[in-house]
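S.K.: Pasting work.cif here (mmCIF, C-alpha atoms, pLDDT in the B column; chains and numbers go by the auth columns):
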data_my_file
loop_
_atom_site.group_PDB
_atom_site.id
_atom_site.type_symbol
_atom_site.label_atom_id
_atom_site.label_comp_id
_atom_site.label_asym_id
_atom_site.label_seq_id
_atom_site.Cartn_x
_atom_site.Cartn_y
_atom_site.Cartn_z
_atom_site.B_iso_or_equiv
_atom_site.auth_seq_id
_atom_site.auth_asym_id
ATOM 1 C CA ALA A 1 95.427 83.547 11.808 53.00 47 K
ATOM 2 C CA GLY A 2 99.209 83.604 11.563 59.00 48 K
ATOM 3 C CA CYS A 3 99.714 80.048 12.983 61.00 49 K
ATOM 4 C CA SER A 4 99.500 76.567 11.515 66.00 50 K
ATOM 5 C CA ILE A 5 96.885 73.977 12.347 66.00 51 K
ATOM 6 C CA PRO A 6 99.251 71.942 14.593 66.00 52 K
ATOM 7 C CA GLU A 7 100.228 75.073 16.455 66.00 53 K
ATOM 8 C CA ALA A 8 96.573 76.058 16.908 63.00 54 K
ATOM 9 C CA THR A 9 95.764 72.552 18.159 68.00 55 K
ATOM 10 C CA ARG A 10 98.682 72.677 20.614 68.00 56 K
ATOM 11 C CA ALA A 11 97.573 76.097 21.860 65.00 57 K
ATOM 12 C CA GLU A 12 94.044 74.823 22.404 67.00 58 K
ATOM 13 C CA GLN A 13 95.341 71.880 24.422 68.00 59 K
ATOM 14 C CA LEU A 14 97.457 74.167 26.559 65.00 60 K
ATOM 15 C CA TRP A 15 94.469 76.447 27.166 64.00 61 K
ATOM 16 C CA ASP A 16 92.335 73.523 28.294 65.00 62 K
ATOM 17 C CA LEU A 17 95.064 72.433 30.684 63.00 63 K
ATOM 18 C CA ALA A 18 95.339 75.948 32.071 61.00 64 K
ATOM 19 C CA VAL A 19 91.593 76.191 32.620 60.00 65 K
ATOM 20 C CA GLN A 20 91.454 72.805 34.349 65.00 66 K
ATOM 21 C CA ALA A 21 94.491 73.424 36.530 58.00 67 K
ATOM 22 C CA PRO A 22 93.606 73.867 40.243 62.00 68 K
ATOM 23 C CA LYS A 23 93.801 77.394 41.477 60.00 69 K
ATOM 24 C CA ALA A 24 96.802 78.121 43.640 58.00 70 K
ATOM 25 C CA LYS A 25 95.793 78.453 47.291 61.00 71 K
ATOM 26 C CA ARG A 26 96.652 81.630 49.060 61.00 72 K
ATOM 27 C CA ARG A 27 99.347 81.133 51.632 59.00 73 K
ATOM 28 C CA LYS A 28 97.934 81.518 55.089 58.00 74 K
ATOM 29 C CA ARG A 29 99.395 84.302 57.163 59.00 75 K
ATOM 30 C CA SER A 30 101.220 83.073 60.301 61.00 76 K
ATOM 31 C CA ASN A 31 99.567 83.800 63.657 70.00 77 K
ATOM 32 C CA ALA A 32 102.859 83.644 65.532 73.00 78 K
ATOM 33 C CA TRP A 33 102.968 87.427 65.915 74.00 79 K
ATOM 34 C CA ILE A 34 99.747 87.294 67.956 79.00 80 K
ATOM 35 C CA TRP A 35 101.357 84.901 70.455 78.00 81 K
ATOM 36 C CA TYR A 36 104.502 87.003 70.645 81.00 82 K
ATOM 37 C CA CYS A 37 102.532 90.199 71.291 86.00 83 K
ATOM 38 C CA THR A 38 100.329 88.526 73.901 84.00 84 K
ATOM 39 C CA GLY A 39 103.351 87.055 75.686 84.00 85 K
ATOM 40 C CA GLY A 40 105.080 90.431 75.710 86.00 86 K
ATOM 41 C CA ILE A 41 102.038 92.171 77.170 88.00 87 K
ATOM 42 C CA VAL A 42 101.676 89.515 79.880 86.00 88 K
ATOM 43 C CA ALA A 43 105.384 89.792 80.772 89.00 89 K
ATOM 44 C CA VAL A 44 105.077 93.572 81.100 89.00 90 K
ATOM 45 C CA LEU A 45 102.014 93.185 83.348 90.00 91 K
ATOM 46 C CA ILE A 46 103.914 90.751 85.588 88.00 92 K
ATOM 47 C CA LEU A 47 106.742 93.273 85.962 90.00 93 K
ATOM 48 C CA ILE A 48 104.289 96.083 86.743 89.00 94 K
ATOM 49 C CA PHE A 49 102.474 94.132 89.476 86.00 95 K
ATOM 50 C CA ALA A 50 105.777 92.932 90.943 89.00 96 K
ATOM 51 C CA ALA A 51 106.975 96.547 91.083 88.00 97 K
ATOM 52 C CA VAL A 52 103.737 97.570 92.846 86.00 98 K
ATOM 53 C CA ILE A 53 104.269 94.858 95.471 82.00 99 K
ATOM 54 C CA ILE A 54 107.868 95.927 96.107 81.00 100 K
ATOM 55 C CA LEU A 55 106.889 99.608 96.222 82.00 101 K
ATOM 56 C CA GLN A 56 104.071 99.037 98.719 78.00 102 K
ATOM 57 C CA LEU A 57 106.264 96.964 101.018 73.00 103 K
ATOM 58 C CA SER A 58 109.146 99.440 100.895 75.00 104 K
ATOM 59 C CA GLN A 59 106.971 102.525 101.431 74.00 105 K
ATOM 60 C CA ALA A 60 105.077 100.892 104.306 73.00 106 K
ATOM 61 C CA SER A 61 108.178 100.976 106.499 76.00 107 K
ATOM 62 C CA GLN A 62 108.354 104.805 106.122 77.00 108 K
ATOM 63 C CA GLY A 63 112.129 104.806 106.446 78.00 109 K
ATOM 64 C CA TYR A 64 112.118 102.889 109.746 88.00 110 K
ATOM 65 C CA GLU A 65 114.012 99.677 110.329 90.00 111 K
ATOM 66 C CA VAL A 66 111.880 96.529 110.316 91.00 112 K
ATOM 67 C CA GLY A 67 112.263 93.973 113.089 94.00 113 K
ATOM 68 C CA SER A 68 110.411 91.439 115.196 96.00 114 K
ATOM 69 C CA CYS A 69 109.301 92.316 118.711 97.00 115 K
ATOM 70 C CA TYR A 70 107.717 90.781 121.779 97.00 116 K
ATOM 71 C CA ILE A 71 106.841 91.974 125.284 96.00 117 K
ATOM 72 C CA SER A 72 109.478 90.724 127.710 94.00 118 K
ATOM 73 C CA LEU A 73 108.283 92.181 131.038 93.00 119 K
ATOM 74 C CA PHE A 74 106.629 95.145 132.744 94.00 120 K
ATOM 75 C CA THR A 75 108.634 98.335 133.111 93.00 121 K
ATOM 76 C CA ASN A 76 110.297 98.308 136.540 91.00 122 K
ATOM 77 C CA SER A 77 109.189 94.655 136.703 89.00 123 K
ATOM 78 C CA THR A 78 105.774 95.559 138.073 90.00 124 K
ATOM 79 C CA CYS A 79 102.250 95.987 136.743 91.00 125 K
ATOM 80 C CA LEU A 80 101.418 98.384 139.561 90.00 126 K
ATOM 81 C CA GLN A 81 102.461 101.588 137.875 90.00 127 K
ATOM 82 C CA ALA A 82 101.848 105.243 138.669 85.00 128 K
ATOM 83 C CA SER A 83 99.111 107.375 137.080 80.00 129 K
ATOM 84 C CA GLY A 84 97.261 104.381 135.695 80.00 130 K
ATOM 85 C CA SER A 85 99.921 103.772 133.051 88.00 131 K
ATOM 86 C CA CYS A 86 100.875 100.337 131.761 93.00 132 K
ATOM 87 C CA LEU A 87 104.358 100.418 130.275 96.00 133 K
ATOM 88 C CA MET A 88 106.256 97.453 128.895 96.00 134 K
ATOM 89 C CA GLU A 89 109.804 96.393 128.118 96.00 135 K
ATOM 90 C CA VAL A 90 109.854 95.187 124.514 97.00 136 K
ATOM 91 C CA ALA A 91 112.601 93.022 123.036 96.00 137 K
ATOM 92 C CA VAL A 92 113.523 94.087 119.491 96.00 138 K
ATOM 93 C CA ARG A 93 115.361 91.841 117.039 95.00 139 K
ATOM 94 C CA SER A 94 116.544 92.633 113.532 93.00 140 K
ATOM 95 C CA GLY A 95 119.305 90.519 112.024 90.00 141 K
ATOM 96 C CA ASP A 96 122.212 90.549 114.480 91.00 142 K
ATOM 97 C CA LEU A 97 120.678 93.460 116.402 91.00 143 K
ATOM 98 C CA PHE A 98 119.036 92.760 119.750 93.00 144 K
ATOM 99 C CA LEU A 99 117.890 95.698 121.879 94.00 145 K
ATOM 100 C CA VAL A 100 115.157 96.507 124.386 94.00 146 K
ATOM 101 C CA LYS A 101 112.715 99.394 124.196 95.00 147 K
ATOM 102 C CA SER A 102 111.900 100.585 127.715 93.00 148 K
ATOM 103 C CA ALA A 103 108.650 102.103 128.957 95.00 149 K
ATOM 104 C CA TRP A 104 106.644 101.346 125.813 96.00 150 K
ATOM 105 C CA PRO A 105 102.852 101.750 125.924 95.00 151 K
ATOM 106 C CA LEU A 106 100.743 99.311 123.928 95.00 152 K
ATOM 107 C CA PRO A 107 99.028 100.986 120.945 93.00 153 K
ATOM 108 C CA LEU A 108 95.527 102.260 121.724 92.00 154 K
ATOM 109 C CA GLU A 109 92.581 103.251 119.578 91.00 155 K
ATOM 110 C CA HIS A 110 89.313 104.917 120.516 87.00 156 K
ATOM 111 C CA THR A 111 86.217 103.511 118.836 79.00 157 K
ATOM 112 C CA GLY A 112 82.489 103.621 119.369 74.00 158 K
ATOM 113 C CA SER A 113 80.006 106.306 118.345 74.00 159 K
ATOM 114 C CA ASN A 114 81.508 108.833 120.758 76.00 160 K
ATOM 115 C CA GLY A 115 85.017 107.425 120.867 70.00 161 K
ATOM 116 C CA ASP A 116 84.327 106.146 124.363 74.00 162 K
ATOM 117 C CA LEU A 117 85.531 102.588 123.697 84.00 163 K
ATOM 118 C CA THR A 118 89.275 102.240 124.232 87.00 164 K
ATOM 119 C CA THR A 119 90.935 99.082 122.945 91.00 165 K
ATOM 120 C CA TYR A 120 94.425 97.884 122.237 93.00 166 K
ATOM 121 C CA PHE A 121 95.089 98.171 118.516 89.00 167 K
ATOM 122 C CA GLY A 122 96.796 95.589 116.278 92.00 168 K
ATOM 123 C CA ASP A 123 96.428 91.876 115.676 94.00 169 K
ATOM 124 C CA PRO A 124 99.100 90.817 118.233 95.00 170 K
ATOM 125 C CA PHE A 125 97.279 92.754 120.974 96.00 171 K
ATOM 126 C CA ARG A 126 93.714 91.504 120.413 94.00 172 K
ATOM 127 C CA CYS A 127 93.959 89.272 123.473 95.00 173 K
ATOM 128 C CA CYS A 128 95.269 92.119 125.596 95.00 174 K
ATOM 129 C CA ASN A 129 91.676 93.411 125.692 94.00 175 K
ATOM 130 C CA ASP A 130 89.164 91.994 128.157 92.00 176 K
ATOM 131 C CA GLU A 131 86.060 89.902 127.409 90.00 177 K
ATOM 132 C CA GLN A 132 84.173 93.031 126.300 88.00 178 K
ATOM 133 C CA GLY A 133 86.999 94.100 123.996 87.00 179 K
ATOM 134 C CA ARG A 134 88.103 96.920 126.308 90.00 180 K
ATOM 135 C CA VAL A 135 91.443 97.789 127.899 92.00 181 K
ATOM 136 C CA PRO A 136 91.715 95.844 131.187 92.00 182 K
ATOM 137 C CA ALA A 137 93.839 96.427 134.269 92.00 183 K
ATOM 138 C CA CYS A 138 97.563 96.355 133.610 93.00 184 K
ATOM 139 C CA CYS A 139 98.122 93.253 135.753 92.00 185 K
ATOM 140 C CA ASP A 140 95.668 91.308 133.554 93.00 186 K
ATOM 141 C CA LEU A 141 98.080 91.444 130.606 94.00 187 K
ATOM 142 C CA VAL A 142 100.183 88.536 131.841 93.00 188 K
ATOM 143 C CA THR A 143 99.515 84.978 132.958 89.00 189 K
ATOM 144 C CA GLY A 144 101.703 82.667 134.961 76.00 190 K
ATOM 145 C CA GLY A 145 104.475 83.715 137.297 56.00 191 K
ATOM 146 C CA VAL A 146 105.895 82.563 140.611 46.00 192 K
ATOM 147 C CA GLN A 147 102.527 82.231 142.343 55.00 193 K
ATOM 148 C CA GLN A 148 101.154 80.028 139.570 49.00 194 K
ATOM 149 C CA ARG A 149 104.475 78.216 139.219 49.00 195 K
ATOM 150 C CA THR A 150 104.510 78.715 135.447 53.00 196 K
ATOM 151 C CA ALA A 151 106.487 80.949 133.121 72.00 197 K
ATOM 152 C CA GLU A 152 105.098 84.429 132.580 84.00 198 K
ATOM 153 C CA THR A 153 103.364 84.778 129.230 92.00 199 K
ATOM 154 C CA PHE A 154 102.238 88.197 128.040 95.00 200 K
ATOM 155 C CA CYS A 155 99.050 88.812 126.115 96.00 201 K
ATOM 156 C CA ASP A 156 100.849 89.326 122.781 96.00 202 K
ATOM 157 C CA SER A 157 101.639 85.604 122.744 95.00 203 K
ATOM 158 C CA TRP A 158 98.712 83.932 124.493 95.00 204 K
ATOM 159 C CA GLY A 159 98.088 81.807 121.435 94.00 205 K
ATOM 160 C CA SER A 160 100.936 79.611 122.668 92.00 206 K
ATOM 161 C CA ILE A 161 98.819 78.600 125.679 92.00 207 K
ATOM 162 C CA GLY A 162 95.608 78.131 123.701 93.00 208 K
ATOM 163 C CA LYS A 163 93.779 81.332 124.620 94.00 209 K
ATOM 164 C CA VAL A 164 91.245 83.119 122.404 94.00 210 K
ATOM 165 C CA ASP A 165 90.154 86.748 122.200 94.00 211 K
ATOM 166 C CA TRP A 166 86.706 88.125 123.062 91.00 212 K
ATOM 167 C CA THR A 167 85.402 87.175 119.594 91.00 213 K
ATOM 168 C CA GLY A 168 86.599 83.578 119.901 93.00 214 K
ATOM 169 C CA GLN A 169 89.554 83.948 117.543 95.00 215 K
ATOM 170 C CA PRO A 170 92.870 82.326 118.563 96.00 216 K
ATOM 171 C CA CYS A 171 95.365 84.715 120.099 96.00 217 K
ATOM 172 C CA HIS A 172 98.588 85.731 118.419 95.00 218 K
ATOM 173 C CA ILE A 173 101.632 83.486 118.815 94.00 219 K
ATOM 174 C CA GLY A 174 105.252 84.591 118.960 92.00 220 K
ATOM 175 C CA ALA A 175 106.969 87.799 117.895 95.00 221 K
ATOM 176 C CA TRP A 176 105.160 90.492 115.901 96.00 222 K
ATOM 177 C CA PRO A 177 106.486 92.801 113.160 95.00 223 K
ATOM 178 C CA CYS A 178 107.603 96.226 114.340 95.00 224 K
ATOM 179 C CA LEU A 179 109.203 99.424 113.068 94.00 225 K
ATOM 180 C CA PHE A 180 111.899 101.183 115.046 95.00 226 K
ATOM 181 C CA THR A 181 114.709 103.717 115.003 93.00 227 K
ATOM 182 C CA VAL A 182 118.037 103.420 116.793 91.00 228 K
ATOM 183 C CA VAL A 183 119.926 106.152 118.627 87.00 229 K
ATOM 184 C CA ALA A 184 123.618 105.343 118.417 81.00 230 K
ATOM 185 C CA GLY A 185 125.928 105.900 121.378 70.00 231 K
ATOM 186 C CA GLY A 186 123.372 106.337 124.153 63.00 232 K
ATOM 187 C CA PRO A 187 124.253 106.166 127.854 60.00 233 K
ATOM 188 C CA THR A 188 124.333 102.371 127.668 60.00 234 K
ATOM 189 C CA GLY A 189 125.200 102.049 123.985 68.00 235 K
ATOM 190 C CA ASP A 190 122.748 101.895 121.090 81.00 236 K
ATOM 191 C CA MET A 191 119.159 102.476 122.167 88.00 237 K
ATOM 192 C CA ILE A 192 115.717 102.140 120.590 91.00 238 K
ATOM 193 C CA ASP A 193 114.201 105.579 120.091 92.00 239 K
ATOM 194 C CA GLU A 194 110.862 105.110 118.337 94.00 240 K
ATOM 195 C CA LEU A 195 108.982 101.832 118.259 95.00 241 K
ATOM 196 C CA MET A 196 105.632 100.955 116.706 94.00 242 K
ATOM 197 C CA TYR A 197 103.647 97.932 115.645 93.00 243 K
ATOM 198 C CA PHE A 198 104.045 97.301 111.903 90.00 244 K
ATOM 199 C CA ALA A 199 100.751 96.474 110.213 84.00 245 K
ATOM 200 C CA GLN A 200 102.156 95.045 107.003 75.00 246 K
ATOM 201 C CA PRO A 201 100.230 95.982 103.841 76.00 247 K
ATOM 202 C CA ASP A 202 98.060 93.284 102.301 78.00 248 K
ATOM 203 C CA VAL A 203 99.536 92.506 98.881 79.00 249 K
ATOM 204 C CA SER A 204 97.912 89.085 98.558 83.00 250 K
ATOM 205 C CA SER A 205 95.603 90.208 95.725 86.00 251 K
ATOM 206 C CA TYR A 206 98.605 91.437 93.719 84.00 252 K
ATOM 207 C CA MET A 207 100.412 88.158 94.419 89.00 253 K
ATOM 208 C CA VAL A 208 97.450 86.179 93.075 89.00 254 K
ATOM 209 C CA VAL A 209 97.437 88.249 89.879 88.00 255 K
ATOM 210 C CA VAL A 210 101.200 87.748 89.415 88.00 256 K
ATOM 211 C CA VAL A 211 100.849 83.975 89.868 91.00 257 K
ATOM 212 C CA LEU A 212 97.950 83.751 87.402 89.00 258 K
ATOM 213 C CA LEU A 213 99.767 85.850 84.815 88.00 259 K
ATOM 214 C CA THR A 214 102.914 83.764 85.225 90.00 260 K
ATOM 215 C CA VAL A 215 100.958 80.542 84.679 88.00 261 K
ATOM 216 C CA PHE A 216 99.302 82.053 81.594 85.00 262 K
ATOM 217 C CA LEU A 217 102.698 83.126 80.234 85.00 263 K
ATOM 218 C CA LEU A 218 104.104 79.621 80.729 87.00 264 K
ATOM 219 C CA LEU A 219 101.127 78.137 78.883 84.00 265 K
ATOM 220 C CA LEU A 220 101.761 80.521 75.996 80.00 266 K
ATOM 221 C CA ILE A 221 105.408 79.497 75.842 82.00 267 K
ATOM 222 C CA LEU A 222 104.608 75.774 75.920 81.00 268 K
ATOM 223 C CA ALA A 223 101.762 76.033 73.419 70.00 269 K
#
Render the structure in this file as structure tokens.

M.R.:
Amino acid sequence: AGCSIPEATRAEQLWDLAVQAPKAKRRKRSNAWIWYCTGGIVAVLILIFAAVIILQLSQASQGYEVGSCYISLFTNSTCLQASGSCLMEVAVRSGDLFLVKSAWPLPLEHTGSNGDLTTYFGDPFRCCNDEQGRVPACCDLVTGGVQQRTAETFCDSWGSIGKVDWTGQPCHIGAWPCLFTVVAGGPTGDMIDELMYFAQPDVSSYMVVVVLLTVFLLLLILA
């Protein structure tokens, strides 16, 4: 009512068209925000693990200077020392610094059920122990010399002449990491005060995680 026949016919046609028209599809929501959030979380994790690595390495030195050391000769140039001691002269290098620590004893540890097994401690000194893994006589810590007509090589570097320790593992080669302090203005100039073998912390597991996270982050960026 209230419209003519042509108008009613036109309205009916329009209604049919509206009913037959395809329904508008809902616009899909972008998933880009998921990638952005994931990438941000991965980047933060990389920074956290990198900070842990740096913190562990910096705290391990305990405020000492870090250098590389090697045994250069016996104190007083002899292995026949008083009171059963076995003291060494150790060359210390760190950047442009080169000094010698005198009368340094190799690090010892007491193991066994009753602490009755005494061995030299630290990877560079594995071959300083005898075939039973015990501390030997002081004169056994060096090979070569005038009598053998070869250069003297101390036990901290016997890997260079192909020796193995009592377990069959190759001996250490070259200088070893050390921590030291310097006393300025000693009787003969700067002197090494404290010296110790530096067992560097194992951060390899953290490094693996950082590498894997970095690869994952790159894949996210390139995806």

S.K.: Which is closest to Met237 of chain K among K:Ala137, K:Leu152, K:Glu177, K:Leu268, if we use all atoms listed in the file?

M.R.: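 Of all the options, K:Ala137 lies closest to Met237 of chain K.
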
S.K.: Work out how far atom CA of Gln102 of chain K is from atom CA of Ser251 of chain K, in Å to one decimal.

M.R.: 12.6 Å

S.K.: Which one of K:Gly190, K:Gly113, K:Pro182, K:Pro223 sits closest to Phe244 of chain K if you count all atoms listed in the file?

M.R.: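 So, comparing all the options, the nearest one is K:Pro223.
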
S.K.: Could you tell me, as a short mmCIF file (atom, residue, chain, number, x, y, z; two decimals) with C-alpha atoms, keeping the file's coordinate frame, which residues have any atom at most 12 Å from (117.8, 98.6, 109.6), counting only C-alpha atoms?

M.R.:
data_model
loop_
_atom_site.label_atom_id
_atom_site.label_comp_id
_atom_site.auth_asym_id
_atom_site.auth_seq_id
_atom_site.Cartn_x
_atom_site.Cartn_y
_atom_site.Cartn_z
CA SER K 107 108.18 100.98 106.50
CA GLN K 108 108.35 104.80 106.12
CA GLY K 109 112.13 104.81 106.45
CA TYR K 110 112.12 102.89 109.75
CA GLU K 111 114.01 99.68 110.33
CA VAL K 112 111.88 96.53 110.32
CA GLY K 113 112.26 93.97 113.09
CA SER K 114 110.41 91.44 115.20
CA VAL K 138 113.52 94.09 119.49
CA ARG K 139 115.36 91.84 117.04
CA SER K 140 116.54 92.63 113.53
CA GLY K 141 119.30 90.52 112.02
CA ASP K 142 122.21 90.55 114.48
CA LEU K 143 120.68 93.46 116.40
CA PHE K 144 119.04 92.76 119.75
CA CYS K 224 107.60 96.23 114.34
CA LEU K 225 109.20 99.42 113.07
CA PHE K 226 111.90 101.18 115.05
CA THR K 227 114.71 103.72 115.00
CA VAL K 228 118.04 103.42 116.79
CA VAL K 229 119.93 106.15 118.63
CA ILE K 238 115.72 102.14 120.59
#

S.K.: Could you tell me which residues the PyMOL selection byres ((chain K and resi 173) around 12) returns for this structure, as number ranges by chain?

M.R.: K: 165-172, 174-182, 186-189, 199-219

S.K.: Could you write out as a ChimeraX atom specification the residues that the PyMOL selection byres ((chain K and resi 96) around 12) matches in the shown file?

M.R.: /K:89-95,97-103,249-257,259-260

S.K.: For a test of reading the model, state the distance in Å between atom CA of Pro151 of chain K and atom CA of Cys132 of chain K, rounded to one decimal.

M.R.: 6.3 Å

S.K.: Atom CA of Ser148 of chain K and atom CA of Asn122 of chain K are how many Å apart?

M.R.: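 Separation of atom CA of Ser148 of chain K and atom CA of Asn122 of chain K: 9.3 Å.
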
S.K.: Choose the residue, out of K:Leu145, K:Gly130, K:Leu263, K:Met242, that has the smallest atom-to-atom separation from Ala230 of chain K; count all atoms listed in the file.

M.R.: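 Of all the options, K:Leu145 lies closest to Ala230 of chain K.
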
S.K.: Identify which of the residues K:Leu163, K:Ile117, K:Val146, K:Ala128 lies closest to Glu198 of chain K, counting all atoms listed in the file when measuring atom-to-atom distances.

M.R.: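 Among the listed residues, K:Ile117 lies closest to Glu198 of chain K.
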
S.K.: Within 12 Å of Ala269 of chain K, counting only C-alpha atoms, which residues show up once you throw out same-chain ones fewer than 3 positions away? Write them as a ChimeraX atom specification, please.

M.R.: /K:78,81-82,85,262-266

S.K.: Evaluating the PyMOL selection byres ((chain K and resi 221) around 6) on the displayed file yields which residues, as a list in words?

M.R.: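 That expression, the PyMOL selection byres ((chain K and resi 221) around 6), corresponds here to Ser114, Cys115, Tyr116, Gly220 and Trp222 of chain K.
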
S.K.: Padding 4 Å on every side, please: axis-aligned box over the listed atoms of segment 147-163 of chain K, centre and edge lengths to one decimal in Å, as JSON.

M.R.:
{"center_x": 96.4, "center_y": 104.1, "center_z": 123.7, "size_x": 40.7, "size_y": 17.5, "size_z": 18.6}

S.K.: Hey, could you patch up segment 137-154 of chain K with N, CA and C atoms and hand it over as a CSV table (one decimal), in the frame of the given file?

M.R.:
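Wrote it out as selection.csv, contents follow:
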chain,number,residue,atom,x,y,z
K,137,ALA,N,111.4,93.5,123.7
K,137,ALA,CA,112.6,93.0,123.0
K,137,ALA,C,112.5,93.2,121.5
K,138,VAL,N,113.5,93.8,120.9
K,138,VAL,CA,113.5,94.1,119.5
K,138,VAL,C,114.7,93.3,118.8
K,139,ARG,N,114.3,92.6,117.8
K,139,ARG,CA,115.4,91.8,117.0
K,139,ARG,C,115.3,92.2,115.6
K,140,SER,N,116.5,92.4,115.0
K,140,SER,CA,116.5,92.6,113.5
K,140,SER,C,117.9,92.2,113.1
K,141,GLY,N,118.0,91.1,112.4
K,141,GLY,CA,119.3,90.5,112.0
K,141,GLY,C,120.1,90.2,113.3
K,142,ASP,N,121.3,90.8,113.3
K,142,ASP,CA,122.2,90.5,114.5
K,142,ASP,C,121.9,91.5,115.6
K,143,LEU,N,121.0,92.5,115.4
K,143,LEU,CA,120.7,93.5,116.4
K,143,LEU,C,119.7,92.9,117.4
K,144,PHE,N,120.0,93.1,118.7
K,144,PHE,CA,119.0,92.8,119.8
K,144,PHE,C,119.1,93.9,120.8
K,145,LEU,N,118.0,94.6,120.9
K,145,LEU,CA,117.9,95.7,121.9
K,145,LEU,C,116.6,95.6,122.6
K,146,VAL,N,116.4,96.5,123.6
K,146,VAL,CA,115.2,96.5,124.4
K,146,VAL,C,114.7,97.9,124.4
K,147,LYS,N,113.4,98.1,124.1
K,147,LYS,CA,112.7,99.4,124.2
K,147,LYS,C,112.1,99.5,125.6
K,148,SER,N,112.4,100.4,126.4
K,148,SER,CA,111.9,100.6,127.7
K,148,SER,C,110.7,101.5,127.7
K,149,ALA,N,109.8,101.2,128.7
K,149,ALA,CA,108.6,102.1,129.0
K,149,ALA,C,107.8,102.3,127.7
K,150,TRP,N,107.4,101.2,127.0
K,150,TRP,CA,106.6,101.3,125.8
K,150,TRP,C,105.2,101.1,126.1
K,151,PRO,N,104.3,102.0,125.7
K,151,PRO,CA,102.9,101.8,125.9
K,151,PRO,C,102.3,101.0,124.7
K,152,LEU,N,101.4,100.0,125.0
K,152,LEU,CA,100.7,99.3,123.9
K,152,LEU,C,99.9,100.3,123.1
K,153,PRO,N,99.8,100.1,121.8
K,153,PRO,CA,99.0,101.0,120.9
K,153,PRO,C,97.5,101.0,121.3
K,154,LEU,N,96.9,102.1,121.4
K,154,LEU,CA,95.5,102.3,121.7
K,154,LEU,C,94.8,102.9,120.6
